file input_31.pdb (PDB, C-alpha atoms)
MODEL        1
ATOM      1  CA  MET V   1       3.025  -1.778 -45.135
ATOM      2  CA  LEU V   2       3.530  -5.280 -43.763
ATOM      3  CA  TYR V   3       5.282  -5.935 -40.509
ATOM      4  CA  LEU V   4       6.836  -8.999 -38.968
ATOM      5  CA  ILE V   5       5.903  -8.741 -35.298
ATOM      6  CA  PHE V   6       8.425  -9.982 -32.805
ATOM      7  CA  PRO V   7       7.192 -11.198 -29.414
ATOM      8  CA  SER V   8       8.841  -8.306 -27.599
ATOM      9  CA  VAL V   9       6.405  -6.049 -29.492
ATOM     10  CA  ARG V  10       9.306  -4.700 -31.509
ATOM     11  CA  PHE V  11       8.427  -4.221 -35.149
ATOM     12  CA  MET V  12      10.726  -5.215 -37.930
ATOM     13  CA  GLU V  13       9.611  -3.565 -41.139
ATOM     14  CA  ILE V  14      10.089  -6.367 -43.641
ATOM     15  CA  ASN V  15       9.271  -4.274 -46.712
ATOM     16  CA  SER V  16      12.014  -1.733 -46.067
ATOM     17  CA  ILE V  17      14.523  -4.462 -45.189
ATOM     18  CA  ILE V  18      13.778  -6.240 -48.449
ATOM     19  CA  ASP V  19      13.838  -2.971 -50.423
ATOM     20  CA  ASP V  20      17.233  -2.101 -48.932
ATOM     21  CA  LEU V  21      18.531  -5.572 -49.629
ATOM     22  CA  LEU V  22      17.370  -5.476 -53.255
ATOM     23  CA  GLU V  23      18.822  -1.982 -53.710
ATOM     24  CA  GLU V  24      22.208  -3.038 -52.303
ATOM     25  CA  GLU V  25      22.474  -6.486 -53.860
ATOM     26  CA  GLY V  26      20.258  -6.254 -56.952
ATOM     27  CA  PHE V  27      18.469  -9.322 -58.202
ATOM     28  CA  SER V  28      21.437 -11.481 -57.176
ATOM     29  CA  VAL V  29      20.057 -11.255 -53.627
ATOM     30  CA  TRP V  30      18.140 -14.446 -54.450
ATOM     31  CA  LYS V  31      21.450 -16.333 -54.382
ATOM     32  CA  ASN V  32      22.002 -15.244 -50.767
ATOM     33  CA  LEU V  33      18.398 -15.268 -49.557
ATOM     34  CA  ASN V  34      18.955 -18.282 -47.338
ATOM     35  CA  ASP V  35      21.865 -16.574 -45.515
ATOM     36  CA  TYR V  36      19.726 -13.507 -44.912
ATOM     37  CA  LYS V  37      16.798 -15.628 -43.742
ATOM     38  CA  ASP V  38      19.141 -17.379 -41.298
ATOM     39  CA  GLU V  39      20.091 -14.035 -39.723
ATOM     40  CA  VAL V  40      16.451 -13.022 -39.284
ATOM     41  CA  GLN V  41      15.582 -16.495 -37.975
ATOM     42  CA  ASN V  42      18.356 -16.448 -35.359
ATOM     43  CA  GLU V  43      17.311 -13.005 -34.145
ATOM     44  CA  TYR V  44      13.644 -13.992 -34.008
ATOM     45  CA  ILE V  45      14.290 -17.228 -32.108
ATOM     46  CA  SER V  46      16.628 -15.508 -29.604
ATOM     47  CA  GLU V  47      14.055 -12.822 -28.853
ATOM     48  CA  MET V  48      11.270 -15.376 -28.611
ATOM     49  CA  GLU V  49      13.234 -17.514 -26.141
ATOM     50  CA  GLU V  50      13.947 -14.456 -23.973
ATOM     51  CA  THR V  51      10.461 -12.957 -23.989
ATOM     52  CA  ASN V  52       8.274 -16.079 -24.211
ATOM     53  CA  PRO V  53      10.284 -19.054 -22.930
ATOM     54  CA  GLU V  54       7.083 -21.119 -22.519
ATOM     55  CA  LYS V  55       6.462 -21.006 -26.301
ATOM     56  CA  ASN V  56       8.225 -23.127 -28.886
ATOM     57  CA  ALA V  57      10.428 -20.592 -30.685
ATOM     58  CA  GLU V  58      11.334 -22.973 -33.518
ATOM     59  CA  GLN V  59       7.665 -23.713 -34.275
ATOM     60  CA  SER V  60       6.796 -20.018 -34.165
ATOM     61  CA  TRP V  61       9.565 -19.282 -36.661
ATOM     62  CA  ARG V  62       8.169 -21.851 -39.141
ATOM     63  CA  SER V  63       5.040 -19.733 -39.457
ATOM     64  CA  LYS V  64       6.983 -16.471 -39.710
ATOM     65  CA  SER V  65       9.437 -17.863 -42.269
ATOM     66  CA  GLY V  66       6.534 -18.478 -44.660
ATOM     67  CA  ASP V  67       5.452 -14.860 -44.204
ATOM     68  CA  PHE V  68       9.034 -13.734 -44.840
ATOM     69  CA  LEU V  69       9.223 -15.665 -48.126
ATOM     70  CA  GLU V  70       5.824 -14.423 -49.353
ATOM     71  CA  ILE V  71       6.679 -10.798 -48.623
ATOM     72  CA  PHE V  72      10.118 -11.156 -50.191
ATOM     73  CA  VAL V  73       8.667 -12.607 -53.413
ATOM     74  CA  LYS V  74       5.947  -9.940 -53.554
ATOM     75  CA  GLU V  75       8.349  -7.051 -53.003
ATOM     76  CA  SER V  76      10.951  -8.291 -55.458
ATOM     77  CA  VAL V  77       8.355  -8.743 -58.238
ATOM     78  CA  ASP V  78       5.896  -5.931 -57.461
ATOM     79  CA  ASP V  79       7.989  -3.031 -58.808
ATOM     80  CA  LYS V  80       8.502  -4.796 -62.118
ATOM     81  CA  LEU V  81       4.768  -5.019 -62.861
ATOM     82  CA  GLU V  82       3.065  -2.134 -64.639
ATOM     83  CA  ASP V  83      -0.716  -2.507 -64.753
ATOM     84  CA  ILE V  84      -0.678  -5.858 -62.995
ATOM     85  CA  LYS V  85      -0.914  -6.247 -59.214
ATOM     86  CA  ILE V  86       0.388  -8.932 -56.919
ATOM     87  CA  SER V  87      -1.474  -9.418 -53.645
ATOM     88  CA  LEU V  88      -0.848 -11.366 -50.475
ATOM     89  CA  GLU V  89      -3.755 -13.614 -49.504
ATOM     90  CA  LYS V  90      -5.198 -11.110 -47.023
ATOM     91  CA  GLU V  91      -5.057  -8.321 -49.660
ATOM     92  CA  ILE V  92      -6.815 -10.174 -52.497
ATOM     93  CA  PRO V  93      -9.945  -8.320 -53.646
ATOM     94  CA  LYS V  94     -13.237 -10.101 -52.945
ATOM     95  CA  GLU V  95     -14.230 -10.362 -56.619
ATOM     96  CA  ILE V  96     -11.002 -12.246 -57.375
ATOM     97  CA  LYS V  97     -11.484 -14.606 -54.439
ATOM     98  CA  GLU V  98     -14.995 -15.372 -55.695
ATOM     99  CA  LYS V  99     -13.621 -16.349 -59.107
ATOM    100  CA  LEU V 100     -11.158 -18.736 -57.467
ATOM    101  CA  GLU V 101     -13.587 -20.338 -54.989
ATOM    102  CA  LEU V 102     -14.149 -24.041 -55.443
ATOM    103  CA  ASP V 103     -17.212 -26.033 -54.416
ATOM    104  CA  PHE V 104     -16.553 -29.261 -52.522
ATOM    105  CA  SER V 105     -19.848 -30.981 -51.703
ATOM    106  CA  GLY V 106     -21.609 -27.670 -51.183
ATOM    107  CA  LYS V 107     -18.786 -26.097 -49.174
ATOM    108  CA  LYS V 108     -16.839 -23.194 -50.661
ATOM    109  CA  LYS V 109     -13.060 -23.480 -50.408
ATOM    110  CA  LEU V 110     -10.260 -21.264 -51.676
ATOM    111  CA  PRO V 111      -7.075 -22.802 -53.029
ATOM    112  CA  ASP V 112      -3.767 -22.085 -51.339
ATOM    113  CA  LEU V 113      -3.415 -18.400 -52.298
ATOM    114  CA  ASP V 114      -0.103 -17.197 -50.911
ATOM    115  CA  LEU V 115       0.145 -14.618 -53.698
ATOM    116  CA  VAL V 116      -2.232 -13.822 -56.543
ATOM    117  CA  VAL V 117      -1.185 -11.920 -59.647
ATOM    118  CA  HIS V 118      -4.146 -10.062 -61.142
ATOM    119  CA  LYS V 119      -5.097  -7.381 -63.626
ATOM    120  CA  GLU V 120      -8.061  -5.423 -62.345
ATOM    121  CA  SER V 121     -10.521  -8.142 -61.286
ATOM    122  CA  GLU V 122      -9.024 -10.952 -63.388
ATOM    123  CA  PRO V 123      -6.688 -13.459 -61.717
ATOM    124  CA  ILE V 124      -3.666 -14.278 -63.884
ATOM    125  CA  ALA V 125      -1.487 -16.464 -61.677
ATOM    126  CA  ILE V 126      -1.183 -17.980 -58.241
ATOM    127  CA  ILE V 127       2.246 -18.093 -56.620
ATOM    128  CA  SER V 128       2.597 -20.697 -53.915
ATOM    129  CA  CYS V 129       5.505 -19.894 -51.575
ATOM    130  CA  LYS V 130       6.771 -22.810 -49.493
ATOM    131  CA  THR V 131       9.759 -22.918 -47.184
ATOM    132  CA  THR V 132       9.848 -26.722 -47.529
ATOM    133  CA  THR V 133       8.632 -28.805 -50.437
ATOM    134  CA  ARG V 134       7.678 -32.238 -49.077
ATOM    135  CA  GLU V 135       4.007 -32.715 -50.084
ATOM    136  CA  ARG V 136       3.641 -29.092 -51.221
ATOM    137  CA  VAL V 137       4.268 -29.851 -54.894
ATOM    138  CA  SER V 138       1.308 -32.237 -55.002
ATOM    139  CA  GLN V 139      -0.874 -29.709 -53.121
ATOM    140  CA  THR V 140      -0.098 -27.039 -55.718
ATOM    141  CA  LEU V 141      -0.854 -29.510 -58.515
ATOM    142  CA  PHE V 142      -4.152 -30.456 -56.824
ATOM    143  CA  TRP V 143      -5.313 -26.816 -56.726
ATOM    144  CA  LYS V 144      -4.255 -26.273 -60.358
ATOM    145  CA  LEU V 145      -6.263 -29.314 -61.498
ATOM    146  CA  ALA V 146      -9.272 -28.338 -59.353
ATOM    147  CA  LEU V 147      -9.340 -24.853 -60.908
ATOM    148  CA  GLU V 148      -8.957 -26.284 -64.422
ATOM    149  CA  LYS V 149     -11.987 -28.486 -63.744
ATOM    150  CA  LYS V 150     -13.899 -25.288 -62.884
ATOM    151  CA  ASN V 151     -12.666 -23.840 -66.201
ATOM    152  CA  VAL V 152     -10.441 -21.223 -64.551
ATOM    153  CA  ASP V 153      -7.424 -20.714 -66.784
ATOM    154  CA  ILE V 154      -4.660 -19.588 -64.451
ATOM    155  CA  ASN V 155      -0.931 -20.159 -64.156
ATOM    156  CA  PHE V 156       0.537 -21.659 -60.996
ATOM    157  CA  TYR V 157       4.058 -21.093 -59.741
ATOM    158  CA  LEU V 158       5.815 -22.733 -56.814
ATOM    159  CA  VAL V 159       8.573 -20.776 -55.082
ATOM    160  CA  THR V 160      10.649 -22.592 -52.503
TER     161      THR V 160
ENDMDL
END
call {"tool": "encode", "arguments": {"input": "input_31.pdb", "output": "structure tokens"}}
result
Amino acid sequence: MLYLIFPSVRFMEINSIIDDLLEEEGFSVWKNLNDYKDEVQNEYISEMEETNPEKNAEQSWRSKSGDFLEIFVKESVDDKLEDIKISLEKEIPKEIKEKLELDFSGKKKLPDLDLVVHKESEPIAIISCKTTTRERVSQTLFWKLALEKKNVDINFYLVT
């Protein structure tokens, strides 16, 4: 299970929240995702300001909001996949990471791997989850082109 850790050491179990939300609202929850995110954001920032006033609560939320979006996408898609898995970056099996590694002047670098869809040890798609788009579209395109140059045939998706 994945947890969003609040500074007061209170755990908010994101998976069960998302499961409950999907069960109550169905797939239409995507239409209201931003409202739900706003509720979680307000709670997070309030707790952060109370427990760690020396830290920038807004900046801390930016990092957590990316986690929230990745987990939400994974959980809403995961149950619909049969023999295909979807993994967060920290869950991706080593053999898949090795297939996606790129060589830049002798240095190994992984693309932006928010989520990887794979069947056994074969990567099928990379899902890039971004809470803002600015330069992110060109970053996703860069990684797609770099992998094509390595002859890795993989789909890329951008969720924002």
call {"tool": "resolve_selection", "arguments": {"input": "input_31.pdb", "expression": "the PyMOL selection byres ((chain V and resi 132) around 12)", "output": "VMD selection string"}}
result
chain V and resid 62 to 63 65 to 66 69 128 to 131 133 to 137 158 to 160
call {"tool": "atom_distance", "arguments": {"input": "input_31.pdb", "atom1": "CA of Ser60 (chain V)", "atom2": "CA of Gln41 (chain V)"}}
result
10.2 Å
call {"tool": "resolve_selection", "arguments": {"input": "input_31.pdb", "expression": "the PyMOL selection byres ((chain V and resi 83-97) around 9)", "output": "short mmCIF file (atom, residue, chain, number, x, y, z; two decimals) with C-alpha atoms, in the coordinates of the input"}}
result
data_model
loop_
_atom_site.label_atom_id
_atom_site.label_comp_id
_atom_site.auth_asym_id
_atom_site.auth_seq_id
_atom_site.Cartn_x
_atom_site.Cartn_y
_atom_site.Cartn_z
CA GLU V 70 5.82 -14.42 -49.35
CA ILE V 71 6.68 -10.80 -48.62
CA LYS V 74 5.95 -9.94 -53.55
CA VAL V 77 8.36 -8.74 -58.24
CA ASP V 78 5.90 -5.93 -57.46
CA LEU V 81 4.77 -5.02 -62.86
CA GLU V 82 3.06 -2.13 -64.64
CA GLU V 98 -15.00 -15.37 -55.70
CA LYS V 99 -13.62 -16.35 -59.11
CA LEU V 100 -11.16 -18.74 -57.47
CA GLU V 101 -13.59 -20.34 -54.99
CA LEU V 110 -10.26 -21.26 -51.68
CA ASP V 112 -3.77 -22.08 -51.34
CA LEU V 113 -3.42 -18.40 -52.30
CA ASP V 114 -0.10 -17.20 -50.91
CA LEU V 115 0.14 -14.62 -53.70
CA VAL V 116 -2.23 -13.82 -56.54
CA VAL V 117 -1.18 -11.92 -59.65
CA HIS V 118 -4.15 -10.06 -61.14
CA LYS V 119 -5.10 -7.38 -63.63
CA GLU V 120 -8.06 -5.42 -62.34
CA SER V 121 -10.52 -8.14 -61.29
CA GLU V 122 -9.02 -10.95 -63.39
CA PRO V 123 -6.69 -13.46 -61.72
CA ILE V 124 -3.67 -14.28 -63.88
#
call {"tool": "residues_around", "arguments": {"input": "input_31.pdb", "residues": "Asp153 (chain V)", "least_positions_apart": "4", "cutoff": "10 Å", "atoms": "all atoms listed in the file", "output": "number ranges by chain"}}
result
V: 123-125, 144, 147-149
call {"tool": "atom_distance", "arguments": {"input": "input_31.pdb", "atom1": "CA of Asn155 (chain V)", "atom2": "CA of Lys109 (chain V)"}}
result
18.6 Å
call {"tool": "atom_distance", "arguments": {"input": "input_31.pdb", "atom1": "CA of Leu102 (chain V)", "atom2": "CA of Ala146 (chain V)"}}
result
7.6 Å
call {"tool": "resolve_selection", "arguments": {"input": "input_31.pdb", "expression": "the PyMOL selection byres ((chain V and resi 48) around 10)", "output": "VMD selection string"}}
result
chain V and resid 6 to 8 42 to 47 49 to 58 60 to 61
call {"tool": "build_atoms", "arguments": {"input": "input_31.pdb", "residues": "region 116-130 of chain V", "atoms": "N, CA and C atoms", "output": "CSV table (one decimal), in the frame of the given file"}}
result
chain,number,residue,atom,x,y,z
V,116,VAL,N,-1.4,-13.8,-55.3
V,116,VAL,CA,-2.2,-13.8,-56.5
V,116,VAL,C,-1.8,-12.6,-57.4
V,117,VAL,N,-1.5,-12.9,-58.7
V,117,VAL,CA,-1.2,-11.9,-59.6
V,117,VAL,C,-2.5,-11.7,-60.4
V,118,HIS,N,-2.9,-10.4,-60.5
V,118,HIS,CA,-4.1,-10.1,-61.1
V,118,HIS,C,-4.1,-8.7,-61.9
V,119,LYS,N,-4.9,-8.6,-62.9
V,119,LYS,CA,-5.1,-7.4,-63.6
V,119,LYS,C,-6.5,-7.0,-63.4
V,120,GLU,N,-6.7,-5.9,-62.8
V,120,GLU,CA,-8.1,-5.4,-62.3
V,120,GLU,C,-8.7,-6.6,-61.6
V,121,SER,N,-9.9,-7.1,-62.1
V,121,SER,CA,-10.5,-8.1,-61.3
V,121,SER,C,-10.3,-9.5,-61.9
V,122,GLU,N,-9.3,-9.7,-62.8
V,122,GLU,CA,-9.0,-11.0,-63.4
V,122,GLU,C,-7.8,-11.6,-62.8
V,123,PRO,N,-7.9,-12.8,-62.2
V,123,PRO,CA,-6.7,-13.5,-61.7
V,123,PRO,C,-5.9,-14.0,-62.9
V,124,ILE,N,-4.6,-13.8,-62.8
V,124,ILE,CA,-3.7,-14.3,-63.9
V,124,ILE,C,-2.8,-15.5,-63.4
V,125,ALA,N,-2.4,-15.4,-62.2
V,125,ALA,CA,-1.5,-16.5,-61.7
V,125,ALA,C,-1.6,-16.6,-60.2
V,126,ILE,N,-1.3,-17.7,-59.7
V,126,ILE,CA,-1.2,-18.0,-58.2
V,126,ILE,C,0.3,-18.4,-58.0
V,127,ILE,N,0.9,-17.7,-57.0
V,127,ILE,CA,2.2,-18.1,-56.6
V,127,ILE,C,2.2,-18.7,-55.2
V,128,SER,N,2.6,-20.0,-55.2
V,128,SER,CA,2.6,-20.7,-53.9
V,128,SER,C,4.0,-20.6,-53.4
V,129,CYS,N,4.2,-20.1,-52.2
V,129,CYS,CA,5.5,-19.9,-51.6
V,129,CYS,C,5.6,-20.9,-50.4
V,130,LYS,N,6.6,-21.8,-50.5
V,130,LYS,CA,6.8,-22.8,-49.5
V,130,LYS,C,8.2,-22.8,-49.0
